[in-house]
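Visitor: To be precise about what I am sending: the file is called work_38.txt and holds compact mmCIF, C-alpha atoms and all ligand atoms.
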# COMPACT_ATOMS: atom_id res chain seq x y z
CA MET A 23 -117.25 81.59 26.70
CA GLU A 24 -117.85 80.72 23.04
CA LYS A 25 -114.75 78.53 23.17
CA TYR A 26 -116.19 76.44 25.99
CA LEU A 27 -119.68 76.24 24.51
CA ASN A 28 -118.16 74.51 21.49
CA LYS A 29 -116.01 72.13 23.54
CA GLY A 30 -116.72 68.47 24.37
CA ILE A 31 -118.26 68.10 27.82
CA LYS A 32 -115.68 65.62 29.10
CA ALA A 33 -112.88 68.10 28.35
CA VAL A 34 -114.85 70.88 30.05
CA ILE A 35 -115.47 68.79 33.18
CA THR A 36 -111.83 67.67 33.29
CA GLU A 37 -110.75 71.30 33.25
CA PHE A 38 -113.51 72.46 35.62
CA PRO A 39 -114.73 69.56 37.82
CA ALA A 40 -117.22 71.90 39.51
CA ILE A 41 -119.19 72.06 36.26
CA GLY A 42 -119.81 68.30 36.51
CA ALA A 43 -121.37 68.83 39.92
CA ILE A 44 -123.50 71.72 38.63
CA LEU A 45 -124.81 69.57 35.76
CA ASP A 46 -125.56 66.75 38.23
CA GLY A 47 -127.67 69.23 40.17
CA TYR A 48 -129.83 69.75 37.07
CA ASN A 49 -130.12 65.99 36.56
CA ILE A 50 -127.88 66.15 33.51
CA GLY A 51 -125.79 63.01 33.94
CA CYS A 52 -122.75 63.90 31.83
CA THR A 53 -120.34 62.95 34.62
CA LEU A 54 -121.44 59.32 34.14
CA CYS A 55 -121.03 59.31 30.37
CA GLY A 56 -117.99 57.38 29.14
CA VAL A 57 -117.74 59.19 25.82
CA GLY A 58 -118.37 62.84 26.68
CA THR A 59 -117.85 64.37 23.27
CA CYS A 60 -121.21 66.23 23.23
CA LEU A 61 -120.67 69.96 23.06
CA LEU A 62 -121.53 72.01 26.14
CA LYS A 63 -124.02 74.18 24.20
CA ASP A 64 -125.84 71.12 22.79
CA ILE A 65 -126.10 69.56 26.23
CA VAL A 66 -127.79 72.60 27.66
CA GLN A 67 -130.24 72.84 24.78
CA VAL A 68 -131.04 69.16 24.53
CA HIS A 69 -132.22 68.83 28.13
CA ASN A 70 -135.19 71.11 27.54
CA LEU A 71 -134.85 73.06 30.77
CA SER A 72 -137.22 75.92 31.45
CA PRO A 73 -135.82 79.25 30.18
CA GLU A 74 -135.15 80.30 33.81
CA ASP A 75 -133.31 77.07 34.63
CA GLU A 76 -131.36 77.29 31.41
CA HIS A 77 -130.35 80.81 32.23
CA SER A 78 -129.30 80.08 35.81
CA LEU A 79 -127.41 76.96 34.72
CA MET A 80 -125.45 78.97 32.16
CA ALA A 81 -124.79 81.72 34.71
CA ARG A 82 -123.38 79.20 37.19
CA ILE A 83 -121.23 77.54 34.54
CA SER A 84 -119.77 80.84 33.38
CA SER A 85 -119.03 81.88 36.96
CA VAL A 86 -116.94 78.71 37.31
CA ILE A 87 -115.05 79.36 34.09
CA TYR A 88 -114.60 83.10 34.71
CA PRO A 89 -114.75 83.53 38.50
CA ASP A 90 -113.56 87.16 38.45
CA ARG A 91 -115.70 88.71 35.78
CA GLU A 92 -119.25 89.21 34.72
CA VAL A 93 -119.60 87.31 31.49
CA GLU A 94 -121.87 88.64 28.84
CA MET A 95 -123.39 85.41 27.56
CA SER A 96 -123.62 85.04 23.83
CA PHE A 97 -125.60 81.86 24.43
CA THR A 98 -129.19 82.19 23.25
CA PRO A 99 -131.63 80.09 25.22
CA SER A 100 -133.50 77.52 23.09
CA VAL A 101 -136.46 79.30 21.56
CA ASN A 102 -138.75 76.33 21.45
CA ALA A 103 -138.05 75.19 25.00
CA ALA A 104 -141.32 73.51 25.83
CA PRO A 105 -142.69 73.63 29.37
CA LYS A 106 -141.30 70.65 31.23
CA PRO A 107 -143.77 67.79 30.96
CA ARG A 108 -144.65 65.91 34.11
CA SER A 109 -144.14 62.61 32.40
CA ILE A 110 -142.62 62.04 29.00
CA THR A 111 -144.98 61.24 26.19
CA TYR A 112 -143.50 59.86 23.01
CA SER A 113 -144.71 59.85 19.42
CA PRO A 114 -145.94 56.38 18.37
CA PRO A 115 -142.71 55.28 16.61
CA MET A 116 -140.60 56.48 19.57
CA GLN A 117 -142.92 54.70 21.99
CA GLY A 118 -142.19 51.49 20.07
CA LEU A 119 -138.46 51.91 20.76
CA VAL A 120 -139.12 52.63 24.43
CA ASP A 121 -141.17 49.42 24.64
CA GLU A 122 -138.25 47.48 23.14
CA HIS A 123 -136.01 49.00 25.81
CA THR A 124 -138.33 47.48 28.41
CA VAL A 125 -137.66 44.01 26.96
CA ILE A 126 -133.90 44.64 26.84
CA LYS A 127 -133.91 45.92 30.45
CA ARG A 128 -135.54 42.69 31.62
CA VAL A 129 -132.51 40.77 30.30
CA LEU A 130 -130.07 43.32 31.76
CA ALA A 131 -131.77 42.81 35.13
CA MET A 132 -131.08 39.06 34.95
CA ILE A 133 -127.35 39.39 34.21
CA PRO A 134 -126.26 39.64 37.89
CA VAL A 135 -128.30 36.50 38.58
CA ILE A 136 -126.73 34.72 35.61
CA ILE A 137 -123.15 35.46 36.64
CA GLU A 138 -123.64 34.69 40.31
CA THR A 139 -123.03 30.97 39.90
CA LEU A 140 -121.65 31.04 36.38
CA ASP A 141 -119.18 28.32 35.47
CA VAL A 142 -118.53 28.25 31.74
CA SER A 143 -117.06 24.78 31.92
CA ARG A 144 -120.60 23.50 32.55
CA TYR A 145 -122.70 22.83 29.44
CA ASP A 146 -125.89 24.44 30.79
CA ASP A 147 -124.07 27.60 31.80
CA ARG A 148 -122.42 27.91 28.41
CA ARG A 149 -125.81 27.40 26.79
CA LEU A 150 -127.31 30.19 28.93
CA VAL A 151 -124.54 32.63 27.99
CA LEU A 152 -124.92 31.71 24.30
CA ASP A 153 -128.68 32.26 24.49
CA THR A 154 -128.14 35.63 26.17
CA VAL A 155 -125.64 36.60 23.48
CA ASP A 156 -128.16 35.47 20.86
CA PHE A 157 -130.74 37.80 22.44
CA ILE A 158 -128.30 40.71 22.48
CA ARG A 159 -127.24 40.14 18.88
CA SER A 160 -130.60 39.47 17.29
CA TYR A 161 -133.02 41.54 19.39
CA ALA A 162 -131.03 44.36 21.00
CA ASP A 163 -128.62 44.83 18.13
CA LYS A 164 -129.93 43.61 14.75
CA TYR A 165 -133.55 44.53 15.45
CA HIS A 166 -133.53 47.49 17.88
CA HIS A 167 -130.21 49.14 17.13
CA ALA A 168 -130.81 48.66 13.39
CA LYS A 169 -133.99 50.71 13.76
CA GLU A 170 -131.99 53.40 15.53
CA GLU A 171 -128.88 53.42 13.37
CA GLU A 172 -130.38 52.70 9.97
CA ILE A 173 -133.61 54.66 10.29
CA LEU A 174 -134.07 57.04 13.24
CA PHE A 175 -130.57 58.52 13.50
CA LYS A 176 -130.52 59.04 9.71
CA GLU A 177 -133.21 61.70 10.16
CA PHE A 178 -130.60 63.83 11.95
CA ASP A 179 -127.29 65.37 10.99
CA PRO A 180 -124.71 62.54 11.25
CA ASN A 181 -122.13 65.06 12.45
CA LEU A 182 -124.11 65.88 15.58
CA GLU A 183 -122.04 64.79 18.58
CA MET A 184 -125.28 63.78 20.29
CA VAL A 185 -125.95 61.15 17.65
CA LYS A 186 -122.33 60.02 17.34
CA VAL A 187 -122.14 59.29 21.06
CA PHE A 188 -125.11 56.93 20.94
CA ASN A 189 -123.73 55.15 17.88
CA GLU A 190 -120.43 54.77 19.68
CA ASP A 191 -122.15 53.09 22.63
CA HIS A 192 -123.59 50.53 20.21
CA MET A 193 -120.04 49.80 18.98
CA ILE A 194 -118.71 49.43 22.53
CA GLY A 195 -121.59 47.00 23.22
CA ARG A 196 -120.56 44.92 20.21
CA GLY A 197 -117.04 44.81 21.65
CA HIS A 198 -118.37 43.34 24.92
CA VAL A 199 -120.33 40.69 23.00
CA LYS A 200 -117.23 39.71 21.03
CA ALA A 201 -115.23 39.48 24.24
CA ILE A 202 -117.93 37.30 25.88
CA LEU A 203 -117.70 34.82 23.01
CA GLU A 204 -113.90 34.83 23.12
CA GLY A 205 -114.08 34.21 26.86
CA LEU A 206 -116.31 31.19 26.24
CA GLU A 207 -113.86 29.85 23.68
CA LYS A 208 -110.96 30.14 26.10
CA ASN A 209 -113.03 28.88 29.03
CA ASP A 210 -112.23 32.16 30.78
CA ASN A 211 -115.04 32.39 33.34
CA GLN A 212 -113.84 35.70 34.76
CA SER A 213 -113.68 37.45 31.42
CA VAL A 214 -117.16 36.26 30.44
CA LYS A 215 -118.52 37.64 33.72
CA GLU A 216 -116.70 40.95 33.36
CA HIS A 217 -117.99 41.59 29.87
CA LEU A 218 -121.54 40.58 30.73
CA ILE A 219 -121.46 43.14 33.53
CA GLY A 220 -119.75 45.66 31.25
CA TYR A 221 -122.53 45.25 28.72
CA ARG A 222 -125.18 45.60 31.40
CA GLU A 223 -123.67 48.81 32.75
CA LEU A 224 -123.19 50.31 29.30
CA LEU A 225 -126.73 49.57 28.09
CA THR A 226 -128.40 50.60 31.36
CA GLY A 227 -127.02 54.13 31.08
CA HIS A 228 -127.47 54.21 27.33
CA ILE A 229 -131.17 53.28 27.49
CA LYS A 230 -131.82 55.76 30.30
CA ARG A 231 -130.27 58.57 28.29
CA GLU A 232 -132.23 57.57 25.20
CA ASP A 233 -135.55 57.40 27.06
CA GLU A 234 -135.08 60.59 29.02
CA VAL A 235 -133.01 62.82 26.79
CA LEU A 236 -132.38 61.69 23.22
CA TYR A 237 -135.85 60.49 22.22
CA PRO A 238 -137.76 63.45 23.74
CA TRP A 239 -135.30 65.81 22.05
CA MET A 240 -135.71 63.98 18.74
CA ASP A 241 -139.50 64.02 19.10
CA ARG A 242 -139.40 67.79 19.60
CA ASN A 243 -137.37 68.19 16.44
CA LEU A 244 -139.17 65.79 14.10
CA SER A 245 -141.87 67.14 11.79
CA ILE A 246 -145.19 65.30 11.70
CA THR A 247 -144.28 64.08 8.21
CA GLN A 248 -141.09 62.52 9.60
CA VAL A 249 -143.03 60.88 12.44
CA GLY A 250 -145.38 59.33 9.87
CA SER A 251 -142.57 57.98 7.70
CA LEU A 252 -140.65 56.65 10.74
CA SER A 253 -143.80 54.88 11.84
CA ALA A 254 -144.21 53.25 8.42
CA MET A 255 -140.55 52.18 8.26
CA PHE A 256 -140.63 50.78 11.82
CA THR A 257 -143.77 48.81 10.98
CA ASP A 258 -141.90 47.21 8.06
CA VAL A 259 -138.96 46.29 10.29
CA ASP A 260 -141.36 44.89 12.92
CA ARG A 261 -142.88 42.68 10.25
CA GLN A 262 -139.47 41.48 9.03
CA PHE A 263 -138.37 40.66 12.57
CA MET A 264 -141.63 39.05 13.71
CA ASP A 265 -139.96 35.65 14.27
CA VAL A 266 -136.98 37.15 16.09
CA ARG A 267 -139.28 39.10 18.39
CA GLU A 268 -141.41 36.07 19.23
CA LYS A 269 -138.40 33.85 19.84
CA GLN A 270 -136.53 36.37 21.99
CA GLU A 271 -139.54 37.47 24.02
CA ALA A 272 -140.10 33.80 24.80
CA PHE A 273 -136.44 33.57 25.88
CA VAL A 274 -136.86 36.52 28.26
CA ASN A 275 -139.95 34.92 29.82
CA ARG A 276 -138.10 31.62 30.22
CA LEU A 277 -135.06 33.33 31.71
CA GLU A 278 -137.18 35.06 34.35
CA GLU A 279 -139.22 31.95 35.07
CA THR A 280 -136.16 29.69 35.51
CA ASN A 281 -134.55 32.08 37.92
CA LYS A 282 -137.70 32.43 39.95
CA PHE A 283 -137.72 28.64 40.36
CA GLU A 284 -134.12 28.70 41.47
CA GLU A 285 -134.91 31.28 44.12
CA VAL A 286 -137.71 29.05 45.40
CA ARG A 287 -135.33 26.07 45.58
CA MET B 22 -177.93 74.08 40.89
CA ALA B 23 -179.19 76.27 38.10
CA PHE B 24 -179.25 74.79 34.62
CA GLU B 25 -176.55 76.54 32.66
CA GLY B 26 -177.19 75.00 29.26
CA CYS B 27 -174.79 73.35 26.82
CA PRO B 28 -171.22 74.61 27.28
CA GLY B 29 -170.77 74.11 23.54
CA SER B 30 -173.18 76.91 22.76
CA LYS B 31 -172.78 79.01 25.91
CA MET B 32 -172.28 82.65 24.99
CA ALA B 33 -168.99 84.41 25.64
CA TYR B 34 -167.62 87.76 24.52
CA PHE B 35 -163.90 88.50 24.45
CA GLU B 36 -163.29 92.19 24.53
CA ASP B 37 -159.74 92.86 25.51
CA LYS B 38 -157.56 91.39 22.81
CA GLU B 39 -153.89 92.33 22.94
CA VAL B 40 -153.90 93.09 19.24
CA GLN B 41 -154.55 96.76 18.58
CA ASP B 42 -157.16 97.35 15.95
CA ASP B 43 -155.07 99.96 14.18
CA ALA B 44 -152.01 97.71 13.94
CA PRO B 45 -151.29 96.86 10.30
CA GLU B 46 -152.41 93.29 9.53
CA ALA B 47 -149.92 91.33 7.46
CA LYS B 48 -151.48 89.55 4.50
CA VAL B 49 -151.78 85.87 5.40
CA LYS B 50 -151.37 83.47 2.53
CA SER B 51 -153.97 80.70 2.19
CA ARG B 52 -152.45 77.26 2.67
CA LEU B 53 -155.46 75.37 1.34
CA ARG B 54 -154.35 72.98 -1.41
CA GLN B 55 -157.65 71.36 -2.39
CA TRP B 56 -161.40 71.61 -2.81
CA PRO B 57 -163.83 70.44 -1.43
CA VAL B 58 -162.99 70.21 2.28
CA GLN B 59 -166.20 69.07 4.02
CA LEU B 60 -165.88 65.44 5.10
CA HIS B 61 -169.15 64.41 3.43
CA LEU B 62 -167.95 65.91 0.16
CA VAL B 63 -164.36 64.65 0.00
CA SER B 64 -163.38 61.24 -1.31
CA PRO B 65 -160.53 59.22 0.23
CA MET B 66 -159.58 58.40 -3.37
CA ALA B 67 -158.80 62.05 -4.14
CA PRO B 68 -155.18 62.46 -5.21
CA TYR B 69 -154.44 65.07 -2.54
CA PHE B 70 -155.08 62.52 0.23
CA GLN B 71 -152.73 59.83 -1.08
CA GLY B 72 -149.84 59.38 1.36
CA ALA B 73 -150.62 62.81 2.85
CA ASP B 74 -150.43 64.27 6.30
CA VAL B 75 -154.13 64.87 6.87
CA LEU B 76 -155.73 67.46 9.11
CA LEU B 77 -159.23 66.63 10.30
CA SER B 78 -160.55 69.79 11.85
CA ALA B 79 -163.76 70.63 13.66
CA ASP B 80 -165.53 73.42 11.78
CA CYS B 81 -165.05 76.08 14.45
CA VAL B 82 -161.29 75.64 14.84
CA ALA B 83 -160.27 77.76 11.87
CA TYR B 84 -162.29 80.70 13.24
CA ALA B 85 -160.83 80.50 16.73
CA LEU B 86 -157.19 80.14 15.71
CA GLY B 87 -155.50 83.28 14.43
CA ASN B 88 -152.87 81.41 12.46
CA PHE B 89 -154.70 78.28 11.37
CA HIS B 90 -153.29 78.40 7.84
CA GLY B 91 -149.65 79.02 8.63
CA ASP B 92 -149.27 76.89 11.72
CA TYR B 93 -151.60 73.95 11.12
CA LEU B 94 -152.96 73.69 7.57
CA LYS B 95 -149.64 74.26 5.83
CA GLY B 96 -148.43 71.10 4.10
CA LYS B 97 -151.55 69.09 4.93
CA ALA B 98 -154.65 67.81 3.18
CA LEU B 99 -157.83 68.91 4.94
CA ALA B 100 -161.22 67.56 5.94
CA ILE B 101 -163.65 69.43 8.18
CA ALA B 102 -166.68 68.26 10.12
CA CYS B 103 -168.89 69.12 13.07
CA PRO B 104 -169.44 66.20 15.42
CA LYS B 105 -172.34 67.98 17.09
CA LEU B 106 -174.52 69.03 14.17
CA ASP B 107 -173.57 66.92 11.15
CA ALA B 108 -175.83 64.03 10.09
CA GLU B 109 -174.88 60.49 9.09
CA GLN B 110 -171.68 60.30 11.06
CA ASP B 111 -171.28 56.57 10.39
CA ILE B 112 -170.24 57.68 6.90
CA TYR B 113 -167.53 59.78 8.58
CA VAL B 114 -166.12 56.68 10.28
CA GLU B 115 -165.99 54.85 6.92
CA LYS B 116 -164.33 57.83 5.24
CA ILE B 117 -161.64 58.15 7.91
CA LYS B 118 -161.04 54.40 7.68
CA GLY B 119 -160.77 54.83 3.91
CA LEU B 120 -158.18 57.57 4.39
CA ILE B 121 -156.07 55.30 6.59
CA GLU B 122 -156.46 52.10 4.55
CA ASP B 123 -156.94 53.18 0.94
CA ALA B 124 -155.34 56.61 0.73
CA LYS B 125 -152.54 55.25 2.99
CA ILE B 126 -152.21 58.63 4.63
CA ASN B 127 -148.94 59.31 6.47
CA THR B 128 -150.40 60.87 9.63
CA LEU B 129 -153.71 62.18 10.95
CA THR B 130 -153.98 65.35 13.03
CA ILE B 131 -157.32 66.05 14.65
CA MET B 132 -158.11 69.55 15.81
CA ILE B 133 -161.09 70.11 18.05
CA MET B 134 -162.47 72.89 20.21
CA GLN B 135 -162.36 72.70 23.99
CA VAL B 136 -166.14 72.34 24.28
CA PRO B 137 -167.16 68.82 25.37
CA CYS B 138 -169.25 67.91 22.31
CA CYS B 139 -166.26 68.47 20.05
CA SER B 140 -164.40 65.45 21.43
CA GLY B 141 -166.93 63.41 19.41
CA LEU B 142 -164.72 64.02 16.38
CA LEU B 143 -161.75 62.45 18.14
CA ARG B 144 -163.89 59.44 19.07
CA LEU B 145 -165.02 59.01 15.43
CA ALA B 146 -161.39 58.98 14.34
CA GLU B 147 -160.41 56.52 17.07
CA THR B 148 -163.22 54.17 16.06
CA ALA B 149 -162.12 54.39 12.42
CA ALA B 150 -158.45 53.84 13.32
CA GLN B 151 -159.24 50.79 15.45
CA SER B 152 -161.12 49.14 12.60
CA ALA B 153 -158.47 49.98 10.00
CA GLY B 154 -155.94 47.35 8.96
CA ARG B 155 -153.11 49.87 9.01
CA LYS B 156 -151.68 51.99 11.78
CA VAL B 157 -150.84 55.66 11.40
CA PRO B 158 -149.68 58.14 14.04
CA ILE B 159 -152.67 60.19 15.22
CA LYS B 160 -152.23 63.45 17.05
CA TYR B 161 -154.94 65.61 18.56
CA ILE B 162 -154.89 69.28 19.39
CA VAL B 163 -157.49 70.97 21.60
CA VAL B 164 -158.11 74.64 20.90
CA GLY B 165 -159.64 77.12 23.34
CA VAL B 166 -162.38 79.52 22.30
CA GLN B 167 -159.88 82.37 22.26
CA GLY B 168 -157.48 80.52 20.00
CA GLU B 169 -155.14 79.18 22.67
CA ILE B 170 -153.69 75.66 22.33
CA LEU B 171 -154.87 73.80 25.43
CA GLN B 172 -153.57 70.34 24.73
CA GLU B 173 -151.50 68.55 22.14
CA ALA B 174 -150.94 64.81 22.40
CA TRP B 175 -150.58 61.55 20.50
CA VAL B 176 -153.49 59.14 20.54
FE FE C 1 -129.29 53.00 21.22
FE FE C 2 -132.20 52.14 22.16
Rewrite the structure of this file - the entire thing - as structure tokens.
Ligand SMILES: [Fe+2]
Ligand SMILES: [Fe+2]

Guide:
Amino acid sequence: MEKYLNKGIKAVITEFPAIGAILDGYNIGCTLCGVGTCLLKDIVQVHNLSPEDEHSLMARISSVIYPDREVEMSFTPSVNAAPKPRSITYSPPMQGLVDEHTVIKRVLAMIPVIIETLDVSRYDDRRLVLDTVDFIRSYADKYHHAKEEEILFKEFDPNLEMVKVFNEDHMIGRGHVKAILEGLEKNDNQSVKEHLIGYRELLTGHIKREDEVLYPWMDRNLSITQVGSLSAMFTDVDRQFMDVREKQEAFVNRLEETNKFEEVR
Amino acid sequence: MAFEGCPGSKMAYFEDKEVQDDAPEAKVKSRLRQWPVQLHLVSPMAPYFQGADVLLSADCVAYALGNFHGDYLKGKALAIACPKLDAEQDIYVEKIKGLIEDAKINTLTIMIMQVPCCSGLLRLAETAAQSAGRKVPIKYIVVGVQGEILQEAWV
């Protein structure tokens, strides 16, 4: 069992597809994750299940791996498993990140509308894609992801698979942005569309996992002193990026407004 | 309905504690790092408040909680007050504001008892925080009269 507890989840699910279904049943969405290098033991701990749920989940997983024998589990349930909250409450600095996600999600929601009639040979359409890329680069990446990568994630062990996976998503996102710009250069309408959608899908899952799993787990593991210093550092970044935030929030409002008008027409 | 009096001073007696009286009590180390502690007596300019994680506790909390020192006071600077009986509470608001603005404290944790009058301390802190030109994370913890933690949340 030890061997599997220390194995990446994608490898475990590939070997035992039934485990993917079991995790789905506990609302642990590893089957949807593209990276899947988190270790099985970390996944169970990070989801903050009740001790009973944690125990029954582990029992079901081990019965898949060893169908013929009773496995004595060396896995110790998380000691500080908190009772499952009805709704997630975040510490103030974490709440700030969740609020930024809300802004990013508003742009992600507009992407299907943007690509519906997209023709990159038209000036206005090119402009719209460039403005969207500008939002992604300056707000979602430089501002928000910089807070995560440069500040928040640094509070945790960089070798934690949990943290690596989220950093990797950021890199994949940057790849989509690069491909969108290359598509514009080559007038490749299809490629621009594909990478806009790719970015939307990637970030939608990424944000959901951050809001529901990563941030609550981090909050449970941060000391109050760390929460205070994160809050101070985030306030500094907010001040530095004041102009970016104003400009990009205005862009999001405009984007939603314009598309409402088009629906009316 | 019969008048039952103030729940804050209603009498209760807790007999059956799980702890056996003859069980050996481990020596608990004091985690207090400063003097004085009463909110009227402390100054926000005191060195132990600068950049600190501050615990603002209602007077009764330390008596109700078995492990106040180890679990809550450890690593923090302390101020205590009673929102029900203390006089001149506008000075309290100024002092808390001074802690946030001048002492540039890192965080503020407010511990109060479950009795209704005790939430006055949380309100004082909220008033001070709203008028301060700096934001700090504020957490509050509500303690039951038998030392149980009833609620813990961010303001
Ligand atoms: Fe992220
Ligand atoms: Fe994020």

Visitor: How would you report the residues lying within 8 Å of ligand FE 1 (chain C), as a list in words, if you count all atoms listed in the file?

Guide: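 Going residue by residue within 8 Å of ligand FE 1 (chain C), we get His166, His167, Glu170, Glu171, Phe188, Asn189, Asp191, His192, His228, Ile229 and Glu232 of chain A.
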
Visitor: Could you pull out the residues sitting within 12 Å of ligand FE 2 (chain C), using all atoms listed in the file, and write them as a PyMOL selection string?

Guide: chain A and resi 116-127+161-171+174-175+185+188-189+191-192+195+224-237

Visitor: To one decimal place, how far is atom CA of A:Thr36 from atom CA of A:Ser84 in Å?

Guide: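 According to the coordinates, atom CA of A:Thr36 and atom CA of A:Ser84 are separated by 15.4 Å.
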
Visitor: May I have the residues of chain B within 10 Å of chain A, counting only C-alpha atoms, written as an MDAnalysis selection string?

Guide: chainID B and resid 72:75 96:97 126:130 155:160 174:176

Visitor: List every protein, DNA or RNA residue that has an atom no more than 10 Å from (-160.1, 84.3, 24.0) in the file's coordinate frame, counting all atoms listed in the file, and report them as a list in words.

Guide: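 Residues found, by chain and rising number: Ala33, Tyr34, Phe35, Glu36, Asp37, Lys38, Ala85, Leu86, Gly165, Val166, Gln167, Gly168 and Glu169 of chain B.
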
Visitor: When you draw a straight line from atom CA of A:Arg128 to atom CA of A:Glu278, how long is it in Å?

Guide: 8.3 Å

Visitor: If you count all atoms listed in the file, which residues fall within 12 Å of B:Pro57, apart from same-chain ones fewer than 4 positions away, as an MDAnalysis selection string?

Guide: chainID B and resid 53 61:65 67 69:70 98:101

Visitor: Given the point (-159.6, 62.6, 17.8) in the file's coordinates, find the residues that have an atom at most 9 Å from it, counting only C-alpha atoms, and give them as a list in words.

Guide: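 Residues with an atom close enough to that point: Leu77, Thr130, Ile131, Met132, Ile133, Ser140, Gly141, Leu142, Leu143, Arg144, Leu145, Ala146, Glu147, Ile159, Lys160, Tyr161, Ile162 and Val176 of chain B.
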
Visitor: Just the number, please: distance in Å from atom CA of A:Lys63 to atom CA of A:Ile83, one decimal.

Guide: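 Separating atom CA of A:Lys63 from atom CA of A:Ile83 is a distance of 11.2 Å.
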
Visitor: When you look at B:Ile112 with a cut-off of 10 Å (counting all atoms listed in the file), what residues show up, excluding the ones that are within fewer than 4 positions of it in the same chain? I need them as a list of chain:residue names.

Guide: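 The neighbour list is B:Leu60, B:His61, B:Ala108, B:Lys116, B:Ile117, B:Lys118.
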
Visitor: Near B:Cys138, counting only C-alpha atoms, which residues have an atom at most 10 Å away, once you skip same-chain residues fewer than 3 positions from it, shown as a count of residues only?

Guide: 13

Visitor: Could you give me the axis-aligned bounding box of stretch 223-227 of chain A, with 6 Å of padding per side, as centre plus edge lengths in Å to one decimal, as JSON?

Guide:
{"center_x": -125.8, "center_y": 51.5, "center_z": 30.4, "size_x": 17.2, "size_y": 17.3, "size_z": 16.7}

Visitor: Which is closest to B:Asp123 among B:Ala47, B:Ala153, B:Ala83, B:Ala102, if we use only C-alpha atoms?

Guide: B:Ala153

Visitor: For B:Val164, which residue among B:Val49, B:Val114, B:Glu109, B:Val136 is the nearest when counting only C-alpha atoms?

Guide: B:Val136
